[in-house]
Amino acid sequence: MKKIILALTLFAVPLAGCSAVEEVGRSVNYTSDAVAYINDASQWAQELPQMAQDAATDPQAQEQLKQELDQVQQRASEFAQTEVPEFAQDIHQQLTGYNETLNTQIDDIQQRIEAGEFTPEMLQNSQVMQTIQDIRGLMDQVQQLGQ
């Protein structure tokens, strides 16, 4: 009987270790994915105003802006599907909440582009830029997850 208990214990210890290693791996992956996503948001914050300015007078630039906005939505959707470790649930929930807001705001801008009502000020005065700033504001919290 003692041999069976010892054998089960010896078998269970490596399994518990694997679980811990997997959790650490998920944590590192999530932190990396979240940092990359927030860096993408920083890039959008830099590029979108100029793209909007160019789109006001150039139909080709307007098409590029629409494509970029589609890519922002696609990236937000992809990030929402990221596997989230338990300890990062709160921050992920904040990020996905911002993503939902961002998607709605982008849909509104795209409708205005299609209707021919778009102006660069519309993007600047919209909540899109503020939502992107909110996403960027979570960088410190995400980086602390990895520590």
# chains A, B, ... in the order shown; residues from 1 in each chain; ligands from 1
call {"tool": "select_by_dssp", "arguments": {"residues": "chain A", "states": "alpha helix (DSSP H)", "output": "ChimeraX atom specification"}}
result
/A:2-55,59-80,89-114,120-125,128-136,139-145
call {"tool": "residues_around", "arguments": {"residues": "Thr119 (chain A)", "least_positions_apart": "2", "cutoff": "9 Å", "atoms": "only C-alpha atoms", "output": "list in words"}}
result
Ala52, Gln53, Ala55, Ala56, Arg112, Ile113, Gly116, Glu117, Glu121, Met122 and Leu123 of chain A
call {"tool": "closest_residue", "arguments": {"among": "A:Ala61, A:Leu145, A:Met139, A:Leu102", "to": "Gln89 (chain A)", "atoms": "only C-alpha atoms"}}
result
A:Leu145
call {"tool": "closest_residue", "arguments": {"among": "A:Ile38, A:Leu95, A:Ile135, A:Ile109", "to": "Lys66 (chain A)", "atoms": "only C-alpha atoms"}}
result
A:Ile109
call {"tool": "closest_residue", "arguments": {"among": "A:Gln110, A:Asn29, A:Gln81, A:Gln144", "to": "Leu69 (chain A)", "atoms": "only C-alpha atoms"}}
result
A:Gln110
call {"tool": "atom_distance", "arguments": {"atom1": "CA of Ala41 (chain A)", "atom2": "CA of Asp134 (chain A)"}}
result
9.6 Å
call {"tool": "residues_around", "arguments": {"residues": "region 48-50 of chain A", "least_positions_apart": "4", "cutoff": "8 Å", "atoms": "only C-alpha atoms", "output": "ChimeraX atom specification"}}
result
/A:44,54,65,120,123-124
call {"tool": "closest_residue", "arguments": {"among": "A:Glu47, A:Glu63, A:Glu78, A:Asp90", "to": "Val142 (chain A)", "atoms": "only C-alpha atoms"}}
result
A:Asp90
